[in-house]
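Asker: Supplied in C-alpha cells, the structure appears directly below.
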Amino acid sequence: MELLKLNNIVQLFPLKNKEVVVLDRVGLSVSKGEFVALVGPSGCGKSTLLRIIAGLVKPSKGDVIFENKKIDGINPNVSIVFQTFGLLPWLDVTENIMLGLEARGLGLKERLRKAFKYIDLVGLEGFEEAYPRELSGGMKQRVGIARALVMEPELLLMDEPFSALDAFTAQNLREEILRLWSSGNLSLKSIIMVTHNIEEAIYLANRVVVLSTHPGRIIGDVPIPLERPRDRNSVEFNKLYDKIYSMVVTTKL
Amino acid sequence: MDKERVKLENLVLELLVLFSLIGFAYIFYRREAVSSSVIANLSVSNLPFYTFRSLLRMGIAYVFSLIFSIAYGFAAATSKRREAVMLPILDIFQSVPVLGFFPAAIFFFVALIPNKVIGIEAASIFLIFTSQVWNMAFGVYESLTTIPKDLKEAYHFFDPDGTLSFVRLYLPATIPKLVYNSIVSWSNGWYFLVACEIFAVGSSSYKLPGIGSFIMETASESKIGLTFLGISVLVVVIVLLDLFVWKPLSQWSRRFRYSMSPGEEEETEVWDVVSLFWEFIGNIFRKFRKPFIGKIGNPISLRSLTRRKWFKVFVYYLNKVLLGAIIIVFIVLIYKFVLAIPLLIKALKFSDILISIKAIFYSFIRLFIAYLISLTWTVPVAVYLFYHQKSAKIISPILQIFASIPAVSLFPLILYYFIRFPHGLDLSAIILILTGMQWYLLFNIYGGLKAIPNDLKEVVDSIGIKKLLKFKRLLLPASLPSLMTGTITAWGGGWNALIIAEYISLNGKTYSVFGVGSLLDKSLTNGNQGLFVVSLFLMVLIIFLINHFVYRPIYNRITEKFNMEG
Amino acid sequence: MDDVAPLPDVEIGEIIGMIEYLNEEGGRTDIYEIADDLNLEIDDLVPIIKAAELFGFAKVEKGDLILLSLGRDLVKGDENKRKIIFKESLKKLSTFRKLISILLEEPEHSIDKSELFDLLKQEMPDEEAKITLKGLINFGRYAELIGYNPEDKEVYLDKLTEEGTNG
C-alpha cells in the first residue's frame with residue numbers, strides 16, 4: 001500500500017545571476033509500514049526534500065502525492081522532529097506538546113489527555129511542568145518527538161533527529177524510536193528520517209535511499225532486510241555499510 | 001589588527017579633512033555670516049550655511065561625546081570600585097529627561113564665557129553633547145565588560161605591562177557598539193538640535209543660526225513652504241550622512257565583533273558610489289600628507305610613545321590629578337548643594353509640590369495615551385513587515401528616514417494644523433509626544449520578530465499554527481524582550497518630547513497645556529525658581545522610581561522567561 | 001547533613017544509552033574500546049560509568065565494564081519499568097535518602113531550590129554542589145521521586161513517594 005509518492009520533484013534556488021538546482025527530478029514512493037532513511041553528503045538537499053514532503057517548502061516543479069491526493073500546503077497527516085528540537089522557550093513541556101492540538105481546536109481537557117498519553121509514552125513523566133531550558137538535549141528531543149506524535153500523524157518525518165546529541169543519549173533515543181515504532185501503539189504508518197550517519201540509517205531503517213549532491217538526485221535505494229535487534233558488529237551489517245558508504249563517497253567526488 | 005588601525009586612522013583623518021575643506025570653503029564664502037550669532041535672514045540662499053552651522057555644532061558635540069564616553073566607559077569598566085560609583089550615575093543620566101536641565105546649562109555657560117556668541121554656542125553644543133553622550137558611554141562600558149575572558153587573559157600574557165592593551169584590545173572591542181550607538185546618538189542629537197538652537201531663558205531669548213532655528217522661525221512666521229524646505233534639507237543631510245558615513249562605518253565595524261547574536265547578521269550594503277567617493281577623498285588626503293611623511297617621523301605611533309618611561313610616569317600622575325579633580329568637583333558640588341538646602345527649603349512651598357505632582361500626573365496621562373497609540377499601530381505594522389519580507393525591503397528604509405526626522409522640527413507644523421480642532425492643544429501635544437516614542441517601539445519590535453530562529457518558525461508552521469494563535473504563541477512572546485526594551489526607550493524619549501510638546505511659542509503667541517513640561521517652562525519664564533526646582537526634582541524622582549520599581553523587574557522577568565536560549 | 005555524596009554530572013539518557021550499548025556488545029567490554037568505538041574522550045566516559053556503578057547497573061572489573069542483572073532489567077523494561085528501577089536505585093543513595101527525609105520534615109513537603117543549594121554547599125565544594133543539585137532534580141523528576149516547580153523554584157516530594165514513605 002503506497003502512502004507517499006514524490007513525482008519528479010525539482011527544487012531551484014535562485015542566486016544572484018543564476019539558479020542552482022538543489023533537487024533534480026526526485027521520484028520516491030514510500031509504502032505503509034516502511035521506515036526510510038535518506039542519506040547523503042551535506043548539501044544534497046535531503047532536508048529540503050523533507051520540508052517539501054511536509055509542505056513547509058513548495059517545490060519548484062513536481063507533485064507530492066499523499067494517499068493518492070495531491071498535497072498543497074502543510075500536510076496535516078505529517079509531523080516533523082527537528083534536529084535543533086525547536087521548543088518554544090516560554091512554554092513548559094506539556095504546553096509545548098499541546099501546541100499543535102490547540103491549532104486543531106481541541107478543548108483543554110482533550111488536549112491535556114492526549115498530551116499526558118504521549119508524555120507517558122516517551123518517558124517524560126516528572127518533567128510535565130519543566131521549561132526547555134531545564135532539560136538536557138535528550139529530554140528536549142523527547143519533547144520534540146512527543147510533540148510530533150501527539151498530532152497522531154500517519155507519516156513521521158525526522159530531520160537529523162539525533163545529531164545534536166551525545167553518543168549515548170543518541171543511542172538511547174534511537175532505541176526509544178524503535179520501541180515506539182514496533183509497539184503498535186501509534187497511528188504511525190511510516191517514518192522518513194534524514195541523516196548523514198550511515199550506521200544509524202542501517203540500524204534503524206528498512207530501506208536506505210542515497211542522494212547525490214549538486215544536484216540532489218536519488219542514486220541508490222538499498223533495502224535493509226536485517227532482523228531486529230540488529231547487531232552492528234555482524235558481517236551483513238558491515239556489508240551493507242560498505243555498500244552505502246561507497247555510494248555516498250562516490251557522489252562526493 | 002594593525003591594518004585595521006591604519007584604516008581607522010585614515011578614516012578619521014579623511015573625515016576631518018572633508019569637514020575642514022567644506023568649512024574653509026564656507027568661511028571664505030561668507031565671512032561676515034560666520035560671526036553672527038542670531039538667525040536673521042530666512043532666505044533660501046542662507047539655508048546651506050545654516051545647515052553647515054548645525055552640522056558643525058553636531059560634529060563638535062560628537063567629538064566631545066566620543067572622548068568623554070571612551071574615557072568614562074573605560075574608567076568604569078576597568079575597576080570594580082569605580083564601577084560601583086560610575087554606573088549608577090550613568091544610569092540616572094540615561095533615564096532622566098535632559099531637556100529639563102537645559103535652562104540651568106544655558107545660565108552656566110552664558111555666565112562662564114564672557115564672549116556672548118561663544119557662550120551661547122557653547123551652551124548649545126553642551127546640550128547636544130548631553131543628548132549624545134550617555135548612550136555611547138554605556139556602549140563603551142558594555143563592550144568592555146563583555147570582552148571574552150580568555151582573550152583578556154591572552155592579552156595579559158603577551159602584554160603584562162598593559163601598554164598595548166588599550167589600543168589593541170580595549171579600543172577595538174568598543175568599536176562595533178560605539179558605531180551602533182553613535183548612530184542612535186546622532187539621531188538623538190538631531191532631535192535636540194532643533195530645540196537647542198532656539199531657546200528662551202527668562203526674558204531673553206536666543207536664536208542661533210542653524211537649520212533647526214530656520215525651521216522653527218519659518219514656521220512661526222507661517223512660511224510653511226520654507227518650513228517644509230528646511231525639513232527636506234534636514235532629511236537629505238541625515239540620509240546622506242547615513243549613506244556616506246554610518247553605513248560604511250558600520251560595515252567596517254563588523255570585523256571587530258567577537259560573536260554575533262541571531263538577527264544581527266544583516267549585511268549593511270555600501271553603495272559603490274560611496275566607496276568611490278571615499279577613495280577619491282582618500283587620494284586627495286594622501287597627496288596632502290605625502291610631503292610630510294618622513295619629516296615628522298611617525299607621530300601617531302602610540303607604541304613607541306607608551307614604551308617610554310616618562311610617558312608611564314606622566315600617565316601615573318595624570319591619573320592622580322584627574323582623580324583629584326573629580327573628587328574636588330564632587331566636594332564642591334556637594335558643598336554647593338548643602339549650602340542651597342536652606343534656600344531651597346525656604347523657597348519650598350507645599351502648594352508647589354501639589355501642583356508639580358498634579359502636573360506630572362497630567363503629563364503621565366498624555367504619555368500613556370501616546371504610548372498606547374504607538375503600540376496599536378507599531379505592532380501590526382511590525383507583524384506586517386515580518387510577514388512581507390519583500391515589501392519590508394522597500395518600506396523599512398522609508399520608515400527609517402521618517403524616524404530620522406527630528407520630531408521637534410514637526411512641532412510647529414503639527415500645531416499649525418491641529419490647533420483648530422476642539423482640544424486641539426492637547427491633541428497636538430499628544431501627537432508631538434507620539435513622534436518621540438513610536439519609532440523606538442516599531443524598530444525594536446520588528447527587530448525582535450526578525451530575530452526569531454528559523455526552526456521555531458518551521459515548527460509552528462509544521463503543526464498547523466496560523467494567524468492569531470501564531471501571534472499569541474510565537475510572535476508576541478518572541479518579541480516581548482525587545483518590546484520591553486523599546487518601551488523603556490520610548491518612555492525616555494517621551495519624557496523628553498514632553499518638555500517641548502507642552503509649551504510652544506509660535507507667532508509670538510504661547511501655546512501650552514497643563515503638565516510638568518509646561519510647568520518647567522512657565523516657572524522659568526516667571527522666575528519662579530522654587531517651583532522649577534521642585535517640579536524638576538519630582539519628575540526626575542518619579543522617572544527614576546518607575547524605572548527601578550516597574551520597568552526593571554518586568555524587564556528581568558521577561559528576559560528570564562522569554563529569551564531564546566531555551 | 002551527614003554522608004551526603006556528590007552526584008555525577010550525567011544525564012539519564014546517557015546512562016541508559018550506555019547500558020543499552022553495553023548490552024548490545026554482549027554485556028562486557030573494555031572501557032578503552034568503548035571510548036574508541038564511539039569517539040569519546042575517557043574523561044567524558046568516566047562520569048557515566050561512575051553513575052552506572054552508583055545506580056547498580058554495571059560494574060568495573062580489570063578495565064572491563066560488566067553489565068549487572070539490574071542493568072539487564074533496565075534494557076528490557078519499558079519506560080515505566082525503567083522509572084521504577086531508577087526510583088529503587090535512587091532510594092538507596094544517601095544523598096536522596098537525606099533529601100527525602102528533609103522534605104518529609106517540611107510542613108508542605110517542599111523546599112526552596114536555593115535553600116537546598118545552600119545545604120549542599122555545606123557538604124561539598126560549590127561546583128559539585130551545583131552538579132549535585134541538578135542531579136537531584138533531574139534524576140528525581142525522571143524517577144518521579146521528587147518534583148520541581150520552575151515557577152516558584154521549589155523542590156517537592158512527589159505524591160506517590162509521599163504515600164510510599166508514609167504507608
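Ligands are numbered from 1 in the order shown, residues from 1 within each chain, and chains are lettered A, B, ... in the order they appear in the C-alpha cells.
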I need the residues in region 21-132 of chain C that are strand (DSSP E) according to DSSP; give them as a list in words.

Answerer: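 Assigned to strand (DSSP E), within region 21-132 of chain C: Arg28, Thr29, Asp30, Ala58, Lys59, Val60, Glu61, Asp64, Leu65, Ile66, Leu67, Ser110, Ile111 and Asp112 of chain C.
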
Asker: Can you write just those residues out, N, CA and C atoms, as a PDB file, in the first residue's frame?

Answerer:
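Now in out.pdb:
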```
ATOM      1  N   ARG C  28      29.797  -7.200  28.250  1.00  0.00           N
ATOM      2  CA  ARG C  28      31.132  -6.984  28.806  1.00  0.00           C
ATOM      3  C   ARG C  28      32.043  -6.396  27.726  1.00  0.00           C
ATOM      4  N   THR C  29      32.664  -5.235  28.023  1.00  0.00           N
ATOM      5  CA  THR C  29      33.602  -4.640  27.065  1.00  0.00           C
ATOM      6  C   THR C  29      34.715  -3.928  27.801  1.00  0.00           C
ATOM      7  N   ASP C  30      35.795  -3.768  27.078  1.00  0.00           N
ATOM      8  CA  ASP C  30      36.907  -2.977  27.589  1.00  0.00           C
ATOM      9  C   ASP C  30      36.527  -1.498  27.537  1.00  0.00           C
ATOM     10  N   ALA C  58      25.927  -1.518  36.402  1.00  0.00           N
ATOM     11  CA  ALA C  58      27.115  -2.134  35.826  1.00  0.00           C
ATOM     12  C   ALA C  58      28.241  -2.035  36.840  1.00  0.00           C
ATOM     13  N   LYS C  59      29.305  -2.806  36.614  1.00  0.00           N
ATOM     14  CA  LYS C  59      30.465  -2.644  37.479  1.00  0.00           C
ATOM     15  C   LYS C  59      31.750  -2.729  36.656  1.00  0.00           C
ATOM     16  N   VAL C  60      32.803  -2.156  37.208  1.00  0.00           N
ATOM     17  CA  VAL C  60      34.082  -2.169  36.513  1.00  0.00           C
ATOM     18  C   VAL C  60      34.961  -3.248  37.132  1.00  0.00           C
ATOM     19  N   GLU C  61      35.543  -4.070  36.256  1.00  0.00           N
ATOM     20  CA  GLU C  61      36.438  -5.112  36.745  1.00  0.00           C
ATOM     21  C   GLU C  61      37.616  -5.229  35.792  1.00  0.00           C
ATOM     22  N   ASP C  64      37.426  -3.698  32.471  1.00  0.00           N
ATOM     23  CA  ASP C  64      36.236  -4.040  31.687  1.00  0.00           C
ATOM     24  C   ASP C  64      34.994  -3.487  32.377  1.00  0.00           C
ATOM     25  N   LEU C  65      34.013  -3.139  31.561  1.00  0.00           N
ATOM     26  CA  LEU C  65      32.718  -2.742  32.114  1.00  0.00           C
ATOM     27  C   LEU C  65      31.792  -3.939  31.957  1.00  0.00           C
ATOM     28  N   ILE C  66      31.154  -4.351  33.079  1.00  0.00           N
ATOM     29  CA  ILE C  66      30.326  -5.560  33.047  1.00  0.00           C
ATOM     30  C   ILE C  66      28.891  -5.199  33.400  1.00  0.00           C
ATOM     31  N   LEU C  67      27.961  -5.669  32.586  1.00  0.00           N
ATOM     32  CA  LEU C  67      26.542  -5.410  32.817  1.00  0.00           C
ATOM     33  C   LEU C  67      26.054  -6.267  33.981  1.00  0.00           C
ATOM     34  N   SER C 110       8.086  20.494  50.904  1.00  0.00           N
ATOM     35  CA  SER C 110       8.801  21.157  49.807  1.00  0.00           C
ATOM     36  C   SER C 110       9.877  22.086  50.379  1.00  0.00           C
ATOM     37  N   ILE C 111      10.839  22.398  49.527  1.00  0.00           N
ATOM     38  CA  ILE C 111      11.952  23.241  49.968  1.00  0.00           C
ATOM     39  C   ILE C 111      12.385  24.115  48.786  1.00  0.00           C
ATOM     40  N   ASP C 112      12.823  25.333  49.104  1.00  0.00           N
ATOM     41  CA  ASP C 112      13.319  26.224  48.053  1.00  0.00           C
ATOM     42  C   ASP C 112      14.582  25.645  47.419  1.00  0.00           C
TER      43      ASP C 112
END
```

Asker: Select, as number ranges by chain, those residues of chain A with any atom no more than 10 Å from chain B (distances computed using only C-alpha atoms).

Answerer: A: 51, 54-57, 73-91, 96, 99-104, 131-135, 140, 144, 147-148, 151

Asker: May I have the selected residues written with C-alpha atoms, as a CSV table (one decimal), in the first residue's frame?

Answerer:
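Contents of again.csv, freshly written:
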```csv
chain,number,residue,atom,x,y,z
A,51,ARG,CA,10.4,20.1,4.1
A,54,ALA,CA,5.8,18.2,4.9
A,55,GLY,CA,4.6,21.1,2.8
A,56,LEU,CA,6.8,23.7,4.5
A,57,VAL,CA,8.6,24.4,1.2
A,73,GLY,CA,0.5,23.5,1.6
A,74,ILE,CA,1.0,21.9,5.1
A,75,ASN,CA,0.1,18.2,5.1
A,76,PRO,CA,-1.9,17.7,8.4
A,77,ASN,CA,-1.1,13.9,8.3
A,78,VAL,CA,2.6,14.5,8.7
A,79,SER,CA,4.7,15.6,11.7
A,80,ILE,CA,8.3,16.6,11.9
A,81,VAL,CA,11.0,16.0,14.5
A,82,PHE,CA,13.7,18.7,14.2
A,83,GLN,CA,17.4,18.5,14.7
A,84,THR,CA,17.5,21.5,16.9
A,85,PHE,CA,14.4,20.4,18.8
A,86,GLY,CA,12.6,23.7,18.1
A,87,LEU,CA,10.9,24.0,21.5
A,88,LEU,CA,9.3,27.3,22.4
A,89,PRO,CA,11.3,28.5,25.5
A,90,TRP,CA,8.3,30.3,27.1
A,91,LEU,CA,6.1,27.1,27.1
A,96,ASN,CA,4.9,22.6,24.0
A,99,LEU,CA,0.6,23.4,20.9
A,100,GLY,CA,-0.5,21.7,17.7
A,101,LEU,CA,-3.7,20.4,19.3
A,102,GLU,CA,-4.7,23.9,20.1
A,103,ALA,CA,-4.4,24.8,16.4
A,104,ARG,CA,-6.8,21.9,15.7
A,131,TYR,CA,10.7,24.5,30.8
A,132,PRO,CA,13.0,23.6,27.9
A,133,ARG,CA,16.0,25.4,29.5
A,134,GLU,CA,15.9,23.0,32.4
A,135,LEU,CA,16.1,20.0,30.1
A,140,LYS,CA,14.4,18.1,24.8
A,144,GLY,CA,10.1,17.1,20.2
A,147,ARG,CA,5.0,17.0,20.1
A,148,ALA,CA,5.2,15.3,16.7
A,151,MET,CA,-0.7,15.1,16.3
```

Asker: Counting only C-alpha atoms, a student should be able to say which residues of chain A come within 10 Å of chain C; what is the right answer, written as a PyMOL selection string?

Answerer: chain A and resi 92+120-131+134-139+165-176+179+229-233

Asker: How would the residues just chosen look if you wrote them out with N, CA and C atoms as a CSV table (one decimal), in the first residue's frame?

Answerer:
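To be explicit, this is the file written out as part01.csv:
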```csv
chain,number,residue,atom,x,y,z
A,92,ASP,N,6.0,25.4,28.8
A,92,ASP,CA,6.6,24.2,29.5
A,92,ASP,C,6.4,23.0,28.7
A,120,ASP,N,3.7,10.1,28.7
A,120,ASP,CA,3.9,8.8,29.3
A,120,ASP,C,4.7,7.9,28.3
A,121,LEU,N,4.3,7.9,27.0
A,121,LEU,CA,4.9,7.0,26.1
A,121,LEU,C,6.4,7.3,25.9
A,122,VAL,N,6.8,8.6,25.9
A,122,VAL,CA,8.2,8.9,25.6
A,122,VAL,C,9.0,9.1,26.9
A,123,GLY,N,8.4,8.8,28.1
A,123,GLY,CA,9.1,8.8,29.3
A,123,GLY,C,9.4,10.2,29.9
A,124,LEU,N,8.5,11.1,29.7
A,124,LEU,CA,8.7,12.4,30.2
A,124,LEU,C,7.9,12.7,31.5
A,125,GLU,N,7.4,11.7,32.1
A,125,GLU,CA,6.7,12.0,33.4
A,125,GLU,C,7.7,12.5,34.4
A,126,GLY,N,7.2,13.4,35.2
A,126,GLY,CA,8.1,14.1,36.1
A,126,GLY,C,8.6,15.4,35.6
A,127,PHE,N,8.5,15.6,34.2
A,127,PHE,CA,9.0,16.8,33.6
A,127,PHE,C,7.9,17.6,33.0
A,128,GLU,N,6.6,17.3,33.4
A,128,GLU,CA,5.5,17.9,32.7
A,128,GLU,C,5.5,19.4,32.8
A,129,GLU,N,6.0,19.9,33.9
A,129,GLU,CA,5.9,21.4,34.1
A,129,GLU,C,7.3,22.0,33.9
A,130,ALA,N,8.3,21.2,33.4
A,130,ALA,CA,9.6,21.8,33.2
A,130,ALA,C,9.7,22.7,32.0
A,131,TYR,N,10.5,23.7,32.0
A,131,TYR,CA,10.7,24.5,30.8
A,131,TYR,C,11.9,24.0,30.1
A,134,GLU,N,15.5,23.9,31.3
A,134,GLU,CA,15.9,23.0,32.4
A,134,GLU,C,16.2,21.6,31.9
A,135,LEU,N,16.0,21.3,30.6
A,135,LEU,CA,16.1,20.0,30.1
A,135,LEU,C,17.5,19.7,29.4
A,136,SER,N,17.9,18.5,29.5
A,136,SER,CA,19.1,18.1,28.7
A,136,SER,C,18.7,17.9,27.3
A,137,GLY,N,19.7,17.8,26.4
A,137,GLY,CA,19.3,17.7,25.0
A,137,GLY,C,18.5,16.5,24.7
A,138,GLY,N,18.8,15.4,25.4
A,138,GLY,CA,18.0,14.1,25.2
A,138,GLY,C,16.5,14.3,25.6
A,139,MET,N,16.3,15.0,26.7
A,139,MET,CA,15.0,15.2,27.2
A,139,MET,C,14.2,16.2,26.2
A,165,LEU,N,22.9,15.4,19.7
A,165,LEU,CA,23.0,14.7,21.0
A,165,LEU,C,24.3,14.0,21.1
A,166,ASP,N,24.7,13.7,22.4
A,166,ASP,CA,26.0,12.9,22.6
A,166,ASP,C,25.7,11.5,22.3
A,167,ALA,N,26.8,10.7,22.1
A,167,ALA,CA,26.7,9.3,21.6
A,167,ALA,C,25.7,8.5,22.4
A,168,PHE,N,25.8,8.5,23.7
A,168,PHE,CA,24.9,7.6,24.5
A,168,PHE,C,23.4,8.0,24.5
A,169,THR,N,23.2,9.3,24.6
A,169,THR,CA,21.9,9.8,24.5
A,169,THR,C,21.2,9.5,23.2
A,170,ALA,N,22.0,9.7,22.1
A,170,ALA,CA,21.5,9.4,20.8
A,170,ALA,C,21.2,7.9,20.7
A,171,GLN,N,22.0,7.1,21.2
A,171,GLN,CA,21.8,5.6,21.3
A,171,GLN,C,20.5,5.3,22.0
A,172,ASN,N,20.3,5.9,23.1
A,172,ASN,CA,19.1,5.8,23.9
A,172,ASN,C,17.9,6.1,23.2
A,173,LEU,N,17.9,7.3,22.5
A,173,LEU,CA,16.7,7.8,21.8
A,173,LEU,C,16.4,6.9,20.5
A,174,ARG,N,17.5,6.4,19.9
A,174,ARG,CA,17.3,5.5,18.8
A,174,ARG,C,16.5,4.3,19.2
A,175,GLU,N,16.9,3.7,20.3
A,175,GLU,CA,16.1,2.6,20.9
A,175,GLU,C,14.7,2.9,21.2
A,176,GLU,N,14.6,4.1,21.7
A,176,GLU,CA,13.2,4.6,22.1
A,176,GLU,C,12.3,4.7,20.8
A,179,ARG,N,11.4,1.3,19.7
A,179,ARG,CA,10.4,0.7,20.6
A,179,ARG,C,9.0,1.3,20.3
A,229,PRO,N,16.6,-7.3,17.1
A,229,PRO,CA,17.5,-6.2,17.2
A,229,PRO,C,18.8,-6.5,16.3
A,230,ARG,N,19.2,-5.4,15.7
A,230,ARG,CA,20.3,-5.6,14.7
A,230,ARG,C,21.7,-5.5,15.4
A,231,ASP,N,22.6,-6.3,14.9
A,231,ASP,CA,23.9,-6.3,15.5
A,231,ASP,C,24.9,-5.5,14.6
A,232,ARG,N,25.3,-4.4,15.2
A,232,ARG,CA,26.2,-3.6,14.4
A,232,ARG,C,27.5,-4.2,14.0
A,233,ASN,N,27.9,-5.3,14.8
A,233,ASN,CA,29.2,-5.9,14.5
A,233,ASN,C,29.1,-7.1,13.6
```

Asker: Write out as number ranges by chain which residues come within 6 Å of region 182-194 of chain A when counting only C-alpha atoms, dropping same-chain ones fewer than 2 positions away.

Answerer: A: 32-38, 152-160, 179-180

Asker: Among region 55-231 of chain A, which residues carry a DSSP assignment of helix (DSSP H, G or I), reported as number ranges by chain?

Answerer: A: 93-103, 108-121, 132-134, 137-149, 167-183, 198-204

Asker: Determine, counting only C-alpha atoms, which protein, DNA and RNA residues have an atom within 9 Å of an atom of Asn135 (chain B); residues of the same chain fewer than 5 positions away are not included. Present the result as an mmCIF file with N, CA and C atoms, in the first residue's frame.

Answerer:
```cif
data_model
loop_
_atom_site.group_PDB
_atom_site.id
_atom_site.type_symbol
_atom_site.label_atom_id
_atom_site.label_comp_id
_atom_site.auth_asym_id
_atom_site.auth_seq_id
_atom_site.Cartn_x
_atom_site.Cartn_y
_atom_site.Cartn_z
ATOM 1 N N SER B 69 32.952 59.549 26.338
ATOM 2 C CA SER B 69 32.369 58.218 26.547
ATOM 3 C C SER B 69 33.446 57.152 26.612
ATOM 4 N N LEU B 90 25.658 56.971 35.492
ATOM 5 C CA LEU B 90 25.334 56.821 34.080
ATOM 6 C C LEU B 90 23.866 56.454 33.904
ATOM 7 N N GLN B 94 21.045 58.578 31.994
ATOM 8 C CA GLN B 94 20.447 57.983 30.814
ATOM 9 C C GLN B 94 18.922 58.010 30.858
ATOM 10 N N VAL B 140 30.318 51.809 25.429
ATOM 11 C CA VAL B 140 31.738 51.526 25.664
ATOM 12 C C VAL B 140 31.879 50.613 26.880
ATOM 13 N N ASN B 181 25.899 52.738 18.562
ATOM 14 C CA ASN B 181 25.311 53.729 19.462
ATOM 15 C C ASN B 181 25.521 55.154 18.963
ATOM 16 N N SER B 182 26.587 55.366 18.184
ATOM 17 C CA SER B 182 26.794 56.687 17.602
ATOM 18 C C SER B 182 25.648 57.061 16.679
ATOM 19 N N VAL B 184 22.576 56.055 16.931
ATOM 20 C CA VAL B 184 21.472 56.436 17.807
ATOM 21 C C VAL B 184 21.714 57.828 18.383
ATOM 22 N N SER B 185 22.950 58.069 18.800
ATOM 23 C CA SER B 185 23.280 59.351 19.402
ATOM 24 C C SER B 185 23.092 60.500 18.419
#
```

Asker: I'd like the contact shell of Leu99 (chain C) - 9 Å cut-off, only C-alpha atoms, skipping same-chain residues fewer than 5 positions apart - returned as a PyMOL selection string.

Answerer: chain C and resi 94+104+116+136

Asker: Show me, as an mmCIF file with C-alpha atoms, in the first residue's frame, the residues that have an atom within 9 Å of Phe93 (chain B) when counting only C-alpha atoms, minus same-chain residues fewer than 5 positions from it.

Answerer:
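Now in around_33.cif:
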```cif
data_model
loop_
_atom_site.group_PDB
_atom_site.id
_atom_site.type_symbol
_atom_site.label_atom_id
_atom_site.label_comp_id
_atom_site.auth_asym_id
_atom_site.auth_seq_id
_atom_site.Cartn_x
_atom_site.Cartn_y
_atom_site.Cartn_z
ATOM 1 C CA PRO B 88 24.568 54.297 38.750
ATOM 2 C CA VAL B 98 17.979 66.041 29.972
ATOM 3 C CA THR B 130 24.266 65.678 26.766
ATOM 4 C CA TRP B 134 25.236 58.728 27.785
#
```

Asker: Could you please determine the separation between CA of Leu354 (chain B) and CA of Leu367 (chain B) in Å, to one decimal place?

Answerer: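 Computing the Euclidean distance for CA of Leu354 (chain B) and CA of Leu367 (chain B) yields 19.8 Å.
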
Asker: Tell me which protein, DNA and RNA residues are within 6 Å of region 63-67 of chain A, counting only C-alpha atoms, leaving out same-chain ones fewer than 4 positions away, and put them as a list in words.

Answerer: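 Once the nearby chain positions are removed, what remains is Leu3, Leu4, Lys5, Leu6, Asn7 and Ile71 of chain A.
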
Asker: So the first atom is CA of Gln141 (chain A) and the second is CA of Ala164 (chain A); what is the distance between them in Å, to one decimal place?

Answerer: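 Interatomic distance, CA of Gln141 (chain A) to CA of Ala164 (chain A): 9.4 Å.
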